[in-house]
Amino acid sequence: MAQFHREQQMNEEGFGENHSHELNPCIPIRVKLPKGKEVIGIITQRVGAGRMMISCMDGKTRNCRVPGRLRRDLWLREGDVVIVEPREFEQDEKGDVLYKYSKSAIEKLKKDGLLKTSDSEF
């Protein structure tokens with residue numbers, strides 16, 4: 001009986017109803033933008049020990065980490081687009097990862113001109 005109920009909720013793309021808006025271009029998408037000192041960046045390399053090299057949109061490459069409060073919630077890979085908060089000291093070299101963008105949010109950022117990347121990157 002529960003299996004029938006699950007099949008009933010699936011839409012024609014095979015996604016559940018909660019995920020159908022991700023591929024529908026007609027529904028507006030709300031995107032979190034960087035505030036204050038925060039910068040958008042792309043993960044270029046995983047260094048280890050919870051750290052990664054991130055190429056930021058301000059032209060700097062920072063060695064960033066995921067803070068402890070987000071460590072289990074935020075799973076990151078190379079090529080992911082994230083919001084980085086530079087450290088209070090060593091702003092040009094180190095930072096913290098605060099947020100990871102979804103695929104639809106990345107497309108919105110590209111369309112708005114906030115994310116400057118090559119087409120082959122994603």
# chains A, B, ... in the order shown; residues from 1 in each chain; ligands from 1
>>> residues_around(residues="region 74-80 of chain A", least_positions_apart="4", cutoff="6 Å", atoms="only C-alpha atoms", output="PyMOL selection string")
chain A and resi 42-45+70
>>> closest_atom_pairs(of="region 39-77 of chain A", to="region 87-109 of chain A", cutoff="7 Å", atoms="only C-alpha atoms", output="tab-separated table")
residue	atom	partner	partner_atom	distance
A:Lys60	CA	A:Asp92	CA	6.6
A:Thr61	CA	A:Glu93	CA	6.9
A:Arg62	CA	A:Glu93	CA	4.7
A:Asn63	CA	A:Lys94	CA	4.8
A:Cys64	CA	A:Gly95	CA	4.6
A:Arg65	CA	A:Asp96	CA	5.1
A:Val66	CA	A:Val97	CA	5.1
A:Pro67	CA	A:Asp96	CA	6.5
>>> write_last_selection(atoms="C-alpha atoms", output="PDB file, in the first residue's frame")
ATOM      1  CA  LYS A  60      42.260  35.193  -5.083  1.00  0.00           C
ATOM      2  CA  THR A  61      42.779  31.520  -4.238  1.00  0.00           C
ATOM      3  CA  ARG A  62      42.067  30.695  -0.607  1.00  0.00           C
ATOM      4  CA  ASN A  63      42.721  27.661   1.570  1.00  0.00           C
ATOM      5  CA  CYS A  64      39.294  27.151   3.181  1.00  0.00           C
ATOM      6  CA  ARG A  65      37.712  24.824   5.700  1.00  0.00           C
ATOM      7  CA  VAL A  66      34.152  23.902   6.643  1.00  0.00           C
ATOM      8  CA  PRO A  67      33.290  25.145  10.167  1.00  0.00           C
TER       9      PRO A  67
END
>>> select_by_dssp(residues="region 13-104 of chain A", states="strand (DSSP E)", output="number ranges by chain")
A: 39-48, 51-56, 61-65, 81-86, 94-100
>>> write_last_selection(atoms="N, CA and C atoms", output="compact mmCIF listing (two decimals), in the first residue's frame")
# COMPACT_ATOMS: atom_id res chain seq x y z
N VAL A 39 32.30 36.02 -0.38
CA VAL A 39 32.65 35.95 -1.80
C VAL A 39 32.19 34.61 -2.35
N ILE A 40 31.81 34.59 -3.63
CA ILE A 40 31.48 33.33 -4.31
C ILE A 40 32.77 32.71 -4.81
N GLY A 41 32.89 31.39 -4.68
CA GLY A 41 34.09 30.69 -5.13
C GLY A 41 33.79 29.30 -5.66
N ILE A 42 34.76 28.73 -6.36
CA ILE A 42 34.64 27.38 -6.93
C ILE A 42 35.76 26.52 -6.35
N ILE A 43 35.40 25.33 -5.85
CA ILE A 43 36.39 24.43 -5.27
C ILE A 43 37.26 23.87 -6.39
N THR A 44 38.57 24.10 -6.29
CA THR A 44 39.49 23.61 -7.31
C THR A 44 40.23 22.36 -6.88
N GLN A 45 40.48 22.21 -5.57
CA GLN A 45 41.26 21.06 -5.11
C GLN A 45 40.94 20.75 -3.66
N ARG A 46 40.79 19.47 -3.34
CA ARG A 46 40.64 19.02 -1.95
C ARG A 46 42.05 18.75 -1.42
N VAL A 47 42.41 19.39 -0.34
CA VAL A 47 43.76 19.26 0.19
C VAL A 47 43.85 18.16 1.23
N GLY A 48 42.77 17.92 1.98
CA GLY A 48 42.77 16.93 3.04
C GLY A 48 42.57 17.60 4.38
N ARG A 51 40.11 20.52 4.48
CA ARG A 51 40.47 21.78 3.82
C ARG A 51 40.43 21.63 2.31
N MET A 52 40.25 22.76 1.62
CA MET A 52 40.19 22.76 0.16
C MET A 52 40.67 24.09 -0.39
N MET A 53 41.21 24.06 -1.60
CA MET A 53 41.62 25.28 -2.28
C MET A 53 40.43 25.77 -3.10
N ILE A 54 40.07 27.04 -2.93
CA ILE A 54 38.91 27.61 -3.60
C ILE A 54 39.34 28.83 -4.39
N SER A 55 38.98 28.85 -5.67
CA SER A 55 39.24 30.00 -6.53
C SER A 55 38.05 30.95 -6.40
N CYS A 56 38.28 32.11 -5.80
CA CYS A 56 37.20 33.05 -5.52
C CYS A 56 37.01 34.04 -6.66
N THR A 61 42.96 32.93 -4.58
CA THR A 61 42.78 31.52 -4.24
C THR A 61 43.01 31.38 -2.74
N ARG A 62 42.00 30.81 -2.06
CA ARG A 62 42.07 30.70 -0.61
C ARG A 62 42.05 29.24 -0.17
N ASN A 63 42.75 28.96 0.92
CA ASN A 63 42.72 27.66 1.57
C ASN A 63 41.60 27.73 2.60
N CYS A 64 40.48 27.02 2.34
CA CYS A 64 39.29 27.15 3.18
C CYS A 64 38.97 25.84 3.88
N ARG A 65 38.19 25.98 4.95
CA ARG A 65 37.71 24.82 5.70
C ARG A 65 36.22 24.99 5.94
N VAL A 81 30.18 25.13 -6.36
CA VAL A 81 30.18 26.58 -6.17
C VAL A 81 29.71 26.85 -4.74
N VAL A 82 30.47 27.66 -4.02
CA VAL A 82 30.20 27.90 -2.60
C VAL A 82 30.33 29.39 -2.27
N ILE A 83 29.84 29.76 -1.08
CA ILE A 83 30.08 31.09 -0.54
C ILE A 83 31.19 30.95 0.49
N VAL A 84 32.20 31.81 0.37
CA VAL A 84 33.37 31.79 1.25
C VAL A 84 33.40 33.09 2.06
N GLU A 85 33.66 32.95 3.36
CA GLU A 85 33.87 34.12 4.20
C GLU A 85 35.36 34.18 4.53
N PRO A 86 36.08 35.20 4.04
CA PRO A 86 37.51 35.30 4.36
C PRO A 86 37.72 35.46 5.86
N LYS A 94 43.14 32.61 3.63
CA LYS A 94 42.31 31.61 4.28
C LYS A 94 40.87 32.07 4.40
N GLY A 95 39.96 31.08 4.55
CA GLY A 95 38.55 31.41 4.69
C GLY A 95 37.74 30.22 5.16
N ASP A 96 36.44 30.46 5.37
CA ASP A 96 35.50 29.42 5.79
C ASP A 96 34.40 29.26 4.75
N VAL A 97 34.00 28.04 4.48
CA VAL A 97 32.91 27.76 3.55
C VAL A 97 31.59 27.85 4.33
N LEU A 98 30.65 28.66 3.82
CA LEU A 98 29.39 28.87 4.53
C LEU A 98 28.19 28.23 3.85
N TYR A 99 28.21 28.09 2.52
CA TYR A 99 27.02 27.65 1.80
C TYR A 99 27.42 27.02 0.48
N LYS A 100 26.67 25.99 0.05
CA LYS A 100 26.90 25.34 -1.24
C LYS A 100 25.68 25.56 -2.12
>>> closest_residue(among="A:Gly113, A:Lys35, A:Arg71, A:Ile27", to="Ala49 (chain A)", atoms="only C-alpha atoms")
A:Arg71
>>> atom_distance(atom1="CA of Pro28 (chain A)", atom2="CA of Leu114 (chain A)")
17.0 Å
>>> atom_distance(atom1="CA of Ile29 (chain A)", atom2="CA of Asp73 (chain A)")
21.9 Å
